[in-house]
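Source file: entry.cif. Holds: mmCIF, C-alpha atoms.
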data_coords
#
loop_
_atom_site.label_atom_id
_atom_site.label_comp_id
_atom_site.auth_asym_id
_atom_site.auth_seq_id
_atom_site.Cartn_x
_atom_site.Cartn_y
_atom_site.Cartn_z
CA MET A 1 -86.59 19.46 198.60
CA ASN A 2 -84.23 18.54 201.47
CA LYS A 3 -84.17 20.32 204.84
CA LYS A 4 -81.29 22.62 203.93
CA GLY A 5 -83.11 23.60 200.76
CA GLN A 6 -86.31 24.34 202.70
CA TRP A 7 -84.59 26.70 205.13
CA LEU A 8 -82.66 28.37 202.30
CA ALA A 9 -86.00 28.98 200.60
CA VAL A 10 -87.34 30.59 203.79
CA VAL A 11 -84.39 32.98 203.93
CA ILE A 12 -84.76 33.85 200.23
CA ILE A 13 -88.48 34.57 200.72
CA VAL A 14 -87.82 36.85 203.71
CA ILE A 15 -85.07 38.71 201.84
CA GLY A 16 -87.40 39.07 198.87
CA MET A 17 -90.13 40.53 201.07
CA LEU A 18 -87.70 43.07 202.51
CA MET A 19 -86.59 44.03 199.01
CA LEU A 20 -90.20 44.46 197.90
CA LEU A 21 -90.69 46.81 200.84
CA ASN A 22 -87.74 48.84 199.51
CA ARG A 23 -85.56 47.98 202.48
CA SER A 24 -81.84 47.83 201.87
CA ILE A 25 -80.23 44.55 202.93
CA ASN A 26 -77.26 45.39 205.14
CA LEU A 27 -75.02 43.17 207.24
CA LEU A 28 -77.19 43.57 210.34
CA THR A 29 -80.28 42.33 208.50
CA VAL A 30 -78.39 39.41 206.96
CA ALA A 31 -77.03 38.42 210.39
CA ALA A 32 -80.55 38.59 211.84
CA LEU A 33 -81.93 36.35 209.07
CA ILE A 34 -79.14 33.82 209.57
CA LEU A 35 -79.78 33.69 213.34
CA LEU A 36 -83.53 33.33 212.79
CA THR A 37 -82.92 30.47 210.37
CA ILE A 38 -80.55 28.72 212.80
CA GLY A 39 -83.13 29.19 215.56
CA MET A 40 -85.91 27.62 213.49
CA VAL A 41 -83.64 24.68 212.61
CA GLN A 42 -82.85 24.14 216.31
CA VAL A 43 -86.54 24.25 217.24
CA ARG A 44 -87.27 21.77 214.44
CA LYS A 45 -84.62 19.44 215.87
CA GLY A 46 -86.20 19.68 219.32
CA ASP A 47 -83.56 21.87 220.98
CA THR A 48 -86.04 24.58 221.95
CA HIS A 49 -83.87 26.39 224.51
CA LYS A 50 -81.04 26.98 222.05
CA GLY A 51 -83.51 27.62 219.24
CA TYR A 52 -85.37 30.34 221.11
CA ARG A 53 -82.06 31.92 222.12
CA TYR A 54 -81.10 32.29 218.44
CA LEU A 55 -84.62 33.44 217.53
CA GLY A 56 -84.56 36.05 220.29
CA ILE A 57 -81.19 37.45 219.20
CA GLY A 58 -82.24 37.44 215.55
CA ALA A 59 -85.52 39.19 216.39
CA ALA A 60 -83.65 41.80 218.43
CA LEU A 61 -81.36 42.56 215.48
CA LEU A 62 -84.35 42.88 213.17
CA LEU A 63 -85.97 45.16 215.73
CA LEU A 64 -82.94 47.43 215.61
CA ASP A 65 -82.74 47.51 211.83
CA ASN A 66 -86.35 47.08 210.70
CA LEU A 67 -88.52 48.83 213.26
CA MET A 68 -91.40 49.44 210.87
CA ILE A 69 -91.61 45.80 209.75
CA VAL A 70 -91.53 44.53 213.34
CA PHE A 71 -94.15 47.11 214.28
CA LEU A 72 -96.41 45.91 211.45
CA ILE A 73 -95.99 42.28 212.56
CA VAL A 74 -97.01 43.17 216.12
CA LEU A 75 -100.00 45.17 214.85
CA ALA A 76 -101.08 42.26 212.62
CA SER A 77 -100.84 39.88 215.58
CA LEU A 78 -102.94 42.21 217.76
CA ALA A 79 -105.55 42.64 215.01
CA TYR A 80 -105.83 38.86 214.66
CA PHE A 81 -106.09 38.57 218.45
CA TYR A 82 -109.06 40.97 218.66
CA SER A 83 -110.83 39.35 215.70
CA LYS A 84 -110.41 35.94 217.35
CA ASN A 85 -111.91 37.34 220.57
CA LYS A 86 -115.03 38.35 218.69
CA LYS A 87 -115.21 35.09 216.75
CA ILE A 88 -115.27 32.85 219.81
CA HIS A 89 -117.67 35.20 221.63
CA LEU A 90 -115.82 35.71 224.90
CA ASP A 91 -118.15 37.66 227.20
CA GLY A 92 -117.40 40.73 229.31
CA HIS A 93 -116.43 38.73 232.42
CA VAL A 94 -113.35 37.21 230.77
CA MET A 95 -109.94 38.15 232.16
CA ARG A 96 -108.10 40.07 229.43
CA LYS A 97 -104.41 40.95 229.44
CA GLN A 98 -102.05 42.34 226.80
CA ASN A 99 -98.35 42.49 227.69
CA PHE A 100 -95.10 42.87 225.81
CA MET A 101 -93.53 40.10 227.92
CA ALA A 102 -95.44 37.64 230.12
CA ARG A 103 -94.70 34.56 232.20
CA TYR A 104 -97.35 32.35 233.78
CA TYR A 105 -96.33 29.37 235.90
CA TRP A 106 -99.53 27.49 236.73
CA ASP A 107 -97.78 24.21 237.43
CA GLN A 108 -96.37 24.75 240.91
CA ALA A 109 -99.43 25.25 243.16
CA PRO A 110 -103.25 25.11 242.94
CA TRP A 111 -104.60 27.84 240.66
CA THR A 112 -107.96 29.14 239.48
CA LEU A 113 -108.94 28.21 235.92
CA ARG A 114 -111.22 30.84 234.42
CA SER A 115 -112.04 32.02 230.93
CA MET A 116 -109.27 34.35 229.84
CA SER A 117 -107.83 36.14 226.83
CA LEU A 118 -104.05 36.72 226.83
CA TRP A 119 -101.80 38.38 224.23
CA HIS A 120 -98.05 39.02 224.48
CA ALA A 121 -95.20 39.78 222.13
CA MET A 122 -93.06 37.21 223.98
CA GLY A 123 -94.39 34.83 226.58
CA GLU A 124 -93.99 31.58 228.47
CA ILE A 125 -96.92 29.62 229.91
CA ASN A 126 -96.70 26.42 231.94
CA ALA A 127 -100.09 25.06 233.05
CA ASP A 128 -100.90 21.83 234.90
CA LEU A 129 -104.67 21.34 234.76
CA SER A 130 -104.54 18.68 237.47
CA LEU A 131 -103.77 21.56 239.88
CA SER A 132 -106.50 23.82 238.52
CA LEU A 133 -109.68 24.84 240.35
CA PRO A 134 -112.28 25.57 237.62
CA GLU A 135 -114.68 28.48 238.17
CA GLU A 136 -117.21 27.11 235.70
CA LYS A 137 -118.05 23.88 233.94
CA GLN A 138 -116.95 25.15 230.52
CA THR A 139 -113.91 27.42 230.16
CA ILE A 140 -112.38 29.12 227.12
CA VAL A 141 -108.72 30.19 227.18
CA LEU A 142 -107.31 32.26 224.31
CA LEU A 143 -103.50 32.47 224.09
CA GLN A 144 -101.95 34.50 221.29
CA GLY A 145 -98.84 36.47 220.50
CA VAL A 146 -95.73 36.88 218.40
CA MET A 147 -93.41 34.43 220.21
CA GLY A 148 -94.58 31.90 222.79
CA ASN A 149 -93.54 28.81 224.71
CA VAL A 150 -96.56 26.88 226.05
CA ARG A 151 -96.59 23.69 228.16
CA LEU A 152 -99.93 22.06 229.02
CA ILE A 153 -100.29 19.02 231.30
CA LEU A 154 -103.73 17.41 231.01
CA PRO A 155 -105.26 15.09 233.63
CA GLU A 156 -107.15 12.03 232.36
CA ASP A 157 -110.46 13.05 233.95
CA TYR A 158 -110.59 16.50 232.33
CA GLY A 159 -112.24 17.29 229.01
CA VAL A 160 -109.94 19.49 226.94
CA GLU A 161 -110.30 20.76 223.37
CA ILE A 162 -107.34 22.41 221.65
CA GLU A 163 -107.19 24.52 218.49
CA ALA A 164 -103.59 25.55 217.90
CA SER A 165 -101.62 27.12 215.07
CA VAL A 166 -97.92 28.02 214.91
CA LEU A 167 -96.48 29.71 211.84
CA PHE A 168 -92.88 28.80 212.73
CA GLY A 169 -92.02 26.29 215.43
CA ARG A 170 -93.26 23.05 216.92
CA ILE A 171 -96.44 21.42 218.21
CA SER A 172 -95.95 18.29 220.31
CA LEU A 173 -98.81 16.05 221.51
CA ASN A 174 -97.85 13.22 223.88
CA GLY A 175 -94.42 12.85 222.28
CA GLU A 176 -95.59 13.08 218.65
CA GLN A 177 -94.54 16.37 217.11
CA ASP A 178 -94.82 18.46 213.98
CA SER A 179 -92.20 21.14 213.45
CA GLY A 180 -91.30 23.62 210.75
CA MET A 181 -93.79 26.01 209.16
CA MET A 182 -97.58 26.43 209.36
CA ASN A 183 -98.32 23.78 211.98
CA LYS A 184 -101.90 23.27 213.11
CA LEU A 185 -103.61 21.05 215.67
CA VAL A 186 -107.30 20.36 216.36
CA TRP A 187 -107.72 17.79 219.11
CA ARG A 188 -109.94 16.63 221.97
CA THR A 189 -109.24 14.39 224.91
CA PRO A 190 -111.03 11.00 224.91
CA GLY A 191 -114.42 11.25 226.60
CA TYR A 192 -114.59 15.00 226.12
CA GLU A 193 -118.38 15.16 225.72
CA SER A 194 -119.08 13.22 228.93
CA SER A 195 -116.57 15.18 231.08
CA GLU A 196 -118.01 17.21 233.94
CA HIS A 197 -115.56 20.06 233.38
CA LYS A 198 -114.46 21.16 229.93
CA ALA A 199 -111.76 23.60 228.82
CA LYS A 200 -111.09 24.88 225.32
CA PHE A 201 -107.66 26.32 224.49
CA VAL A 202 -107.32 28.47 221.36
CA ILE A 203 -103.59 29.04 220.81
CA SER A 204 -101.92 31.02 218.03
CA TYR A 205 -98.33 32.26 217.69
CA ILE A 206 -96.15 33.45 214.84
CA VAL A 207 -93.14 31.69 216.41
CA GLY A 208 -93.98 29.13 219.05
CA ASP A 209 -93.34 25.88 220.84
CA LEU A 210 -96.44 24.05 222.12
CA ASN A 211 -96.09 20.89 224.22
CA ILE A 212 -99.18 18.96 225.37
CA SER A 213 -98.91 15.87 227.56
CA ASN A 214 -100.58 13.77 230.23
CA PRO A 215 -99.01 13.58 233.70
#

Translate this file's structure into structure tokens.
Amino acid sequence: MNKKGQWLAVVIIVIGMLMLLNRSINLLTVAALILLTIGMVQVRKGDTHKGYRYLGIGAALLLLDNLMIVFLIVLASLAYFYSKNKKIHLDGHVMRKQNFMARYYWDQAPWTLRSMSLWHAMGEINADLSLSLPEEKQTIVLLQGVMGNVRLILPEDYGVEIEASVLFGRISLNGEQDSGMMNKLVWRTPGYESSEHKAKFVISYIVGDLNISNP
């Protein structure tokens, strides 16, 4: 199947799901689906700024016309977030935050790296680990949400393990990228086991753009 056929199939599946949920397909819903499809195509091509603009507008239209479906998606994301917290055994001292919208810019000045658990409906995270000041020798960072844009810069002398999954969007590792649907990444930096400081990032978004690179 070619690319156009793949995205047409996505739209047909979404329309079918709405029909199964006994939702009438009106012009607002159709416009939202078209914008979401265009946004995913733009993200797949690498134009993330334009892609997220279309995805945001499309999501807003769906929010207006399909409040219950959007609400169920957010609830499902939160449920998965809490189950993941339990699975990776984050203790009581972990910083925990849940926000509808969040922005973290840890790439402009020295910052404290600690174990944390963050969820947001829409978020942007830029983190340069070469500027980080670790609180402990082994850190776990859980990043989850509905829509997210994550940029990680990894220094060569830092041991980092990444488990990432993006239902729609792109995962890029040092210039090599996978985009489209159901993207996953399990990766460790060279020399991870012998590193003095280690950090594990567990990242999961329904719609996301993850970029990992060395400085």

Leaving out region 99-108 of chain A and any residue of its chain fewer than 4 positions from it, which residues lie within 8 Å of it when counting only C-alpha atoms, given as a ChimeraX atom specification?
/A:119-129,131

For each of A:Leu118, A:Met40, A:Val160, A:Leu113, take the minimum atom-to-atom distance to Asp209 (chain A), counting all atoms listed in the file, then give the residue where this is smallest.
A:Met40

The PyMOL selection byres ((chain A and resi 185-200) around 12) on the file shown: which residues, as a PyMOL selection string?
chain A and resi 88+90+113-117+129-130+132-143+152-167+170-174+176-179+182-184+201-204+210-214

How many Å separate CA of Met147 (chain A) from CA of Leu35 (chain A)?
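Result for CA of Met147 (chain A) versus CA of Leu35 (chain A): 15.3 Å, one decimal.
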
At what distance in Å, to one decimal, does CA of Lys97 (chain A) lie from CA of Gly56 (chain A)?
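Between CA of Gly56 (chain A) and CA of Lys97 (chain A) the gap works out to 22.4 Å.
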
Just add N, CA and C atoms to region 184-202 of chain A and send it as a CSV table (one decimal), in the coordinates of the input.
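File produced: out-v1.csv:
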chain,number,residue,atom,x,y,z
A,184,LYS,N,-100.6,23.1,212.5
A,184,LYS,CA,-101.9,23.3,213.1
A,184,LYS,C,-102.3,22.0,213.9
A,185,LEU,N,-103.1,22.2,214.9
A,185,LEU,CA,-103.6,21.0,215.7
A,185,LEU,C,-105.0,21.3,216.1
A,186,VAL,N,-105.9,20.4,215.8
A,186,VAL,CA,-107.3,20.4,216.4
A,186,VAL,C,-107.5,19.0,217.0
A,187,TRP,N,-107.7,19.0,218.3
A,187,TRP,CA,-107.7,17.8,219.1
A,187,TRP,C,-108.6,17.9,220.3
A,188,ARG,N,-109.2,16.7,220.7
A,188,ARG,CA,-109.9,16.6,222.0
A,188,ARG,C,-109.5,15.4,222.8
A,189,THR,N,-109.6,15.5,224.1
A,189,THR,CA,-109.2,14.4,224.9
A,189,THR,C,-110.3,13.3,224.8
A,190,PRO,N,-110.0,12.1,224.9
A,190,PRO,CA,-111.0,11.0,224.9
A,190,PRO,C,-112.1,11.2,226.0
A,191,GLY,N,-113.3,11.0,225.7
A,191,GLY,CA,-114.4,11.2,226.6
A,191,GLY,C,-114.7,12.7,226.9
A,192,TYR,N,-114.4,13.6,225.9
A,192,TYR,CA,-114.6,15.0,226.1
A,192,TYR,C,-116.1,15.3,226.4
A,193,GLU,N,-117.0,14.8,225.6
A,193,GLU,CA,-118.4,15.2,225.7
A,193,GLU,C,-119.0,14.8,227.1
A,194,SER,N,-118.5,13.7,227.7
A,194,SER,CA,-119.1,13.2,228.9
A,194,SER,C,-118.4,13.8,230.2
A,195,SER,N,-117.3,14.6,229.9
A,195,SER,CA,-116.6,15.2,231.1
A,195,SER,C,-117.4,16.2,231.8
A,196,GLU,N,-117.3,16.2,233.1
A,196,GLU,CA,-118.0,17.2,233.9
A,196,GLU,C,-117.5,18.6,233.7
A,197,HIS,N,-116.2,18.8,233.6
A,197,HIS,CA,-115.6,20.1,233.4
A,197,HIS,C,-114.9,20.0,232.0
A,198,LYS,N,-115.1,21.1,231.3
A,198,LYS,CA,-114.5,21.2,229.9
A,198,LYS,C,-113.7,22.5,229.8
A,199,ALA,N,-112.6,22.4,229.1
A,199,ALA,CA,-111.8,23.6,228.8
A,199,ALA,C,-111.3,23.6,227.4
A,200,LYS,N,-111.5,24.7,226.7
A,200,LYS,CA,-111.1,24.9,225.3
A,200,LYS,C,-110.0,25.9,225.3
A,201,PHE,N,-108.8,25.5,224.7
A,201,PHE,CA,-107.7,26.3,224.5
A,201,PHE,C,-107.5,26.7,223.0
A,202,VAL,N,-107.6,28.0,222.7
A,202,VAL,CA,-107.3,28.5,221.4
A,202,VAL,C,-106.0,29.2,221.4
